[in-house]
Amino acid sequence: MAAAGDVLVRTMRLIEGKLREGVTTAALDAAAERFIRSQGATPAFKGYRGFPGSICTSPNSMVVHGIPGPYALERGDILSVDVGVIKDGWVADAARTFSVGRVSPLAHKLLDVTQQALFDAVEQCRPGNRLGDVSHAVQRRVESEGLSVVRSLVGHGIGRSMHEDPQVPNFGRPGRGAVLEEGMVLAVEPMVNAGRHQVRMGDDGWAIYAQDGSLAAHFEFTVAITARGPRILTPWHLDEGAAAA
């Protein structure tokens, strides 16, 4: 899974380098697919339950599952990019929300808080902790800043398949839920709205939007639970791969 994560991290860095005004999400998708396949890996999302893209690209009020297409990035946009990679039968999954040029103070806060919520949650990914500790860490950070956790979407276990048990909500009570054990791997992924938590499905049957049209952010790591603490398998930078939060 770390090998899949290595390809994913380099894919995400490739995408980050191409983000600029006027670039289409379809162009980002094509570049990501070419690179992933060049590394002897497969895009995990391509064809998954009929999804047509290799990555998910979700701008502004779109929370997740955006199909890449003709949308051209504009200055001031935020864009959530979700990437899945399969290598040697193992899956890695991660997401980041990027700024396109200078963004509003609210957008900046949203990205900062959502990213910090992810790191707070990763810190709880230790043997003996409970799933509720992970979930509560996200909720505490997000709601203390006046933002809203999307409650109808969850993180998940991951391994040979992209979506495995257990589900990992982004809200909950500490000390509750399954006990975390060494060897478990979780896709921890705060999804946060600047407005209210409710979402709606788009006309294409894939994209999910903030119901009130507010900005949304999505950050995700694949995290292994080890005796030494959490190991992020999809870090922002490859030299952070063995780091605990």
# chains A, B, ... in the order shown; residues from 1 in each chain; ligands from 1

$ closest_atom_pairs --of "range 143-201 of chain A" --to "range 33-51 of chain A" --cutoff "12 Å" --atoms "only C-alpha atoms" --output "Markdown table"
| residue | atom | partner | partner_atom | distance |
| --- | --- | --- | --- | --- |
| A:Ile158 | CA | A:Ala44 | CA | 11.8 |
| A:Gly159 | CA | A:Ala44 | CA | 11.9 |
| A:Arg160 | CA | A:Ala44 | CA | 11.0 |
| A:Ser161 | CA | A:Ala44 | CA | 9.3 |
| A:Met162 | CA | A:Ala44 | CA | 7.5 |
| A:His163 | CA | A:Ala44 | CA | 10.8 |

$ residues_around --residues "Val83 in chain A" --least-positions-apart "5" --cutoff "6 Å" --atoms "only C-alpha atoms" --output "PyMOL selection string"
chain A and resi 55+93-94

$ write_last_selection --atoms "N, CA and C atoms" --output "PDB file, in the first residue's frame"
ATOM      1  N   ILE A  55      -9.616  10.544 -11.846  1.00  0.00           N
ATOM      2  CA  ILE A  55      -9.581  11.270 -10.593  1.00  0.00           C
ATOM      3  C   ILE A  55     -10.935  11.957 -10.420  1.00  0.00           C
ATOM      4  N   ASP A  93      -5.593   5.897  -1.356  1.00  0.00           N
ATOM      5  CA  ASP A  93      -6.642   6.877  -1.638  1.00  0.00           C
ATOM      6  C   ASP A  93      -6.319   8.152  -0.870  1.00  0.00           C
ATOM      7  N   ALA A  94      -6.346   9.292  -1.540  1.00  0.00           N
ATOM      8  CA  ALA A  94      -6.054  10.555  -0.857  1.00  0.00           C
ATOM      9  C   ALA A  94      -6.693  11.715  -1.610  1.00  0.00           C
TER      10      ALA A  94
END

$ residues_around --residues "range 124-128 of chain A" --least-positions-apart "3" --cutoff "6 Å" --atoms "only C-alpha atoms" --output "ChimeraX atom specification"
/A:121,134,179-182,225,229-230

$ residues_around --residues "range 15-21 of chain A" --least-positions-apart "5" --cutoff "12 Å" --atoms "only C-alpha atoms" --output "number ranges by chain"
A: 8-10, 26-36, 55-57, 71-83, 95-102, 236

$ residues_around --residues "Leu233 in chain A" --least-positions-apart "4" --cutoff "6 Å" --atoms "only C-alpha atoms" --output "ChimeraX atom specification"
/A:2,5,222-223,241

$ select_by_dssp --residues "range 9-187 of chain A" --states "alpha helix (DSSP H)" --output "JSON, numbers by chain"
{"A": [9, 10, 11, 12, 13, 14, 15, 16, 17, 18, 25, 26, 27, 28, 29, 30, 31, 32, 33, 34, 35, 36, 37, 38, 105, 106, 107, 108, 109, 110, 111, 112, 113, 114, 115, 116, 117, 118, 119, 120, 121, 122, 123, 131, 132, 133, 134, 135, 136, 137, 138, 139, 140, 141, 142, 143, 144]}

$ closest_atom_pairs --of "range 115-170 of chain A" --to "range 190-204 of chain A" --cutoff "10 Å" --atoms "only C-alpha atoms" --output "Markdown table"
| residue | atom | partner | partner_atom | distance |
| --- | --- | --- | --- | --- |
| A:Gln115 | CA | A:Pro190 | CA | 8.0 |
| A:Gln116 | CA | A:Pro190 | CA | 9.6 |
| A:Ala117 | CA | A:Pro190 | CA | 6.9 |
| A:Leu118 | CA | A:Pro190 | CA | 6.1 |
| A:Phe119 | CA | A:Pro190 | CA | 9.9 |
| A:Ala121 | CA | A:Pro190 | CA | 8.8 |
| A:Ser135 | CA | A:Pro190 | CA | 9.0 |
| A:Val138 | CA | A:Pro190 | CA | 6.7 |
| A:Gln139 | CA | A:Pro190 | CA | 8.8 |
| A:Val142 | CA | A:Val192 | CA | 7.5 |
| A:Glu143 | CA | A:Val192 | CA | 9.7 |
| A:Glu145 | CA | A:Ala194 | CA | 9.9 |
| A:Gly146 | CA | A:Ala194 | CA | 8.0 |
| A:Leu147 | CA | A:Ala194 | CA | 5.2 |
| A:Ser148 | CA | A:His197 | CA | 5.1 |
| A:Val149 | CA | A:Val192 | CA | 4.7 |
| A:Val150 | CA | A:His197 | CA | 4.8 |
| A:Arg151 | CA | A:His197 | CA | 6.7 |
| A:Ser152 | CA | A:Val199 | CA | 7.9 |
| A:Leu153 | CA | A:Met191 | CA | 7.6 |
| A:Val154 | CA | A:Pro190 | CA | 8.0 |
| A:Gly155 | CA | A:Pro190 | CA | 7.7 |
| A:Val168 | CA | A:Pro190 | CA | 9.6 |
| A:Pro169 | CA | A:Pro190 | CA | 8.5 |
| A:Asn170 | CA | A:Pro190 | CA | 6.0 |

$ atom_distance --atom1 "CA of Glu164 in chain A" --atom2 "CA of Arg13 in chain A"
26.5 Å

$ residues_around --residues "Ala178 in chain A" --least-positions-apart "3" --cutoff "8 Å" --atoms "only C-alpha atoms" --output "mmCIF file with N, CA and C atoms, in the first residue's frame"
data_model
loop_
_atom_site.group_PDB
_atom_site.id
_atom_site.type_symbol
_atom_site.label_atom_id
_atom_site.label_comp_id
_atom_site.auth_asym_id
_atom_site.auth_seq_id
_atom_site.Cartn_x
_atom_site.Cartn_y
_atom_site.Cartn_z
ATOM 1 N N ARG A 130 -10.231 4.257 19.950
ATOM 2 C CA ARG A 130 -11.503 3.859 19.360
ATOM 3 C C ARG A 130 -11.777 4.666 18.094
ATOM 4 N N LEU A 131 -12.606 4.087 17.239
ATOM 5 C CA LEU A 131 -12.970 4.784 16.004
ATOM 6 C C LEU A 131 -13.600 6.139 16.311
ATOM 7 N N GLY A 132 -14.373 6.192 17.382
ATOM 8 C CA GLY A 132 -14.998 7.452 17.771
ATOM 9 C C GLY A 132 -14.002 8.543 18.113
#

$ select_by_dssp --residues "range 75-158 of chain A" --states "strand (DSSP E or B)" --output "ChimeraX atom specification"
/A:78-87,90-99,130,148-149,155-157

$ write_last_selection --atoms "C-alpha atoms" --output "compact mmCIF listing (two decimals), in the first residue's frame"
# COMPACT_ATOMS: atom_id res chain seq x y z
CA ILE A 78 -10.85 26.08 -4.82
CA LEU A 79 -10.61 22.59 -6.29
CA SER A 80 -10.81 19.32 -4.39
CA VAL A 81 -8.82 16.57 -6.11
CA ASP A 82 -9.35 12.95 -5.03
CA VAL A 83 -6.96 10.31 -6.37
CA GLY A 84 -7.00 6.53 -6.00
CA VAL A 85 -4.18 4.23 -7.14
CA ILE A 86 -3.96 0.44 -7.37
CA LYS A 87 -0.49 -1.11 -7.49
CA TRP A 90 -3.21 -2.82 -3.14
CA VAL A 91 -5.08 0.48 -3.01
CA ALA A 92 -4.20 3.97 -1.77
CA ASP A 93 -6.64 6.88 -1.64
CA ALA A 94 -6.05 10.56 -0.86
CA ALA A 95 -7.49 14.01 -1.49
CA ARG A 96 -6.43 17.63 -1.27
CA THR A 97 -8.23 20.89 -1.85
CA PHE A 98 -6.15 23.43 -3.75
CA SER A 99 -6.41 27.17 -4.21
CA ARG A 130 -11.50 3.86 19.36
CA SER A 148 -19.85 22.17 9.31
CA VAL A 149 -18.89 18.51 8.99
CA GLY A 155 -14.15 7.68 5.33
CA HIS A 156 -13.50 3.96 5.20
CA GLY A 157 -11.20 1.04 5.66

$ closest_residue --among "A:Ser104, A:Val64, A:Pro166, A:Met12" --to "Pro235 in chain A" --atoms "only C-alpha atoms"
A:Met12

$ closest_residue --among "A:Ser61, A:Val103, A:Ala137, A:Val113" --to "Asp212 in chain A" --atoms "only C-alpha atoms"
A:Ser61
